[in-house]
Amino acid sequence: MADTRTITITVDEETHRRACAEAEQRGLTVSELAAQAMAASLPRQDVDPDASRDPANRELRYRRFLETVERIRADNPGFSAADNLSRDELYLERDFWRRRGLD
């Protein structure tokens, strides 16, 4: 990390236990895990076209995507993208954003 700052957070015992286990599984410290989670949850300030090639960034983006899908499903019971988009339309939309580096 370039220029780092120290912050203090308070979590319940169960969250701390789960964070320790997850950090250990990923080979990170709890601080590194928290920093990654915080960075992944904040809006991006810039778009680096090479960032998608970094496996760590891809994993974070995929996890963020899954969290977004789960939020949509929770907020909209019965929602199904299949009801709204055909496969061809879905791939056209995906390709549109990929060409702009925003996939």
# chains A, B, ... in the order shown; residues from 1 in each chain; ligands from 1

call {"tool": "select_by_dssp", "arguments": {"residues": "chain A", "states": "helix (DSSP H, G or I)", "output": "short mmCIF file (atom, residue, chain, number, x, y, z; two decimals) with C-alpha atoms, in the first residue's frame"}}
result
data_model
loop_
_atom_site.label_atom_id
_atom_site.label_comp_id
_atom_site.auth_asym_id
_atom_site.auth_seq_id
_atom_site.Cartn_x
_atom_site.Cartn_y
_atom_site.Cartn_z
CA GLU A 13 -16.74 -11.66 18.95
CA GLU A 14 -18.35 -13.81 16.25
CA THR A 15 -17.38 -11.37 13.48
CA HIS A 16 -13.84 -11.27 14.82
CA ARG A 17 -13.64 -15.07 14.88
CA ARG A 18 -14.95 -15.33 11.32
CA ALA A 19 -12.59 -12.60 10.10
CA CYS A 20 -9.61 -14.37 11.66
CA ALA A 21 -10.57 -17.67 10.05
CA GLU A 22 -11.13 -16.06 6.62
CA ALA A 23 -7.88 -14.10 6.80
CA GLU A 24 -5.95 -17.23 7.71
CA GLN A 25 -7.56 -19.16 4.85
CA ARG A 26 -6.50 -16.42 2.40
CA VAL A 30 -7.16 -9.44 9.61
CA SER A 31 -6.06 -5.88 8.86
CA GLU A 32 -5.33 -6.77 5.21
CA LEU A 33 -8.68 -8.58 4.95
CA ALA A 34 -10.52 -5.56 6.38
CA ALA A 35 -8.64 -3.19 4.04
CA GLN A 36 -9.57 -5.31 1.01
CA ALA A 37 -13.22 -5.52 2.08
CA MET A 38 -13.35 -1.77 2.65
CA ALA A 39 -11.70 -0.99 -0.68
CA ALA A 40 -14.07 -3.37 -2.49
CA SER A 41 -17.13 -1.71 -0.96
CA ALA A 51 -6.50 -4.04 -13.12
CA SER A 52 -8.90 -6.71 -14.43
CA ARG A 53 -5.90 -8.92 -15.23
CA PRO A 55 -6.27 -12.17 -10.02
CA ALA A 56 -6.80 -10.42 -6.67
CA ASN A 57 -8.82 -7.65 -8.33
CA ARG A 58 -10.82 -10.17 -10.34
CA GLU A 59 -11.72 -12.04 -7.16
CA LEU A 60 -12.79 -8.84 -5.42
CA ARG A 61 -14.84 -7.75 -8.43
CA TYR A 62 -16.51 -11.15 -8.65
CA ARG A 63 -17.28 -11.12 -4.93
CA ARG A 64 -18.69 -7.57 -5.27
CA PHE A 65 -20.83 -8.75 -8.19
CA LEU A 66 -22.23 -11.67 -6.15
CA GLU A 67 -22.98 -9.34 -3.23
CA THR A 68 -24.80 -6.97 -5.58
CA VAL A 69 -26.86 -9.81 -7.03
CA GLU A 70 -27.79 -10.96 -3.53
CA ARG A 71 -28.81 -7.40 -2.53
CA ILE A 72 -30.98 -7.12 -5.65
CA ARG A 73 -32.61 -10.46 -4.93
CA ALA A 74 -33.21 -9.53 -1.29
CA ASP A 75 -34.70 -6.16 -2.22
CA ALA A 81 -33.17 -11.12 -15.15
CA ALA A 82 -34.38 -13.91 -17.43
CA ASP A 83 -37.79 -12.24 -17.35
CA ARG A 87 -29.57 -14.26 -23.95
CA ASP A 88 -28.65 -12.26 -27.05
CA GLU A 89 -29.61 -8.99 -25.35
CA LEU A 90 -27.61 -9.94 -22.28
CA TYR A 91 -24.47 -10.64 -24.31
CA LEU A 92 -24.91 -7.46 -26.33
CA GLU A 93 -25.11 -5.48 -23.09
CA ARG A 94 -22.05 -7.24 -21.70
CA ASP A 95 -20.05 -6.60 -24.87
CA PHE A 96 -21.12 -2.95 -24.87
CA TRP A 97 -19.63 -2.42 -21.40
CA ARG A 98 -16.55 -4.54 -22.10
CA ARG A 99 -15.67 -2.38 -25.08
#

call {"tool": "atom_distance", "arguments": {"atom1": "CA of Asn76 (chain A)", "atom2": "CA of Leu102 (chain A)"}}
result
24.8 Å

call {"tool": "atom_distance", "arguments": {"atom1": "CA of Leu42 (chain A)", "atom2": "CA of Thr29 (chain A)"}}
result
20.3 Å
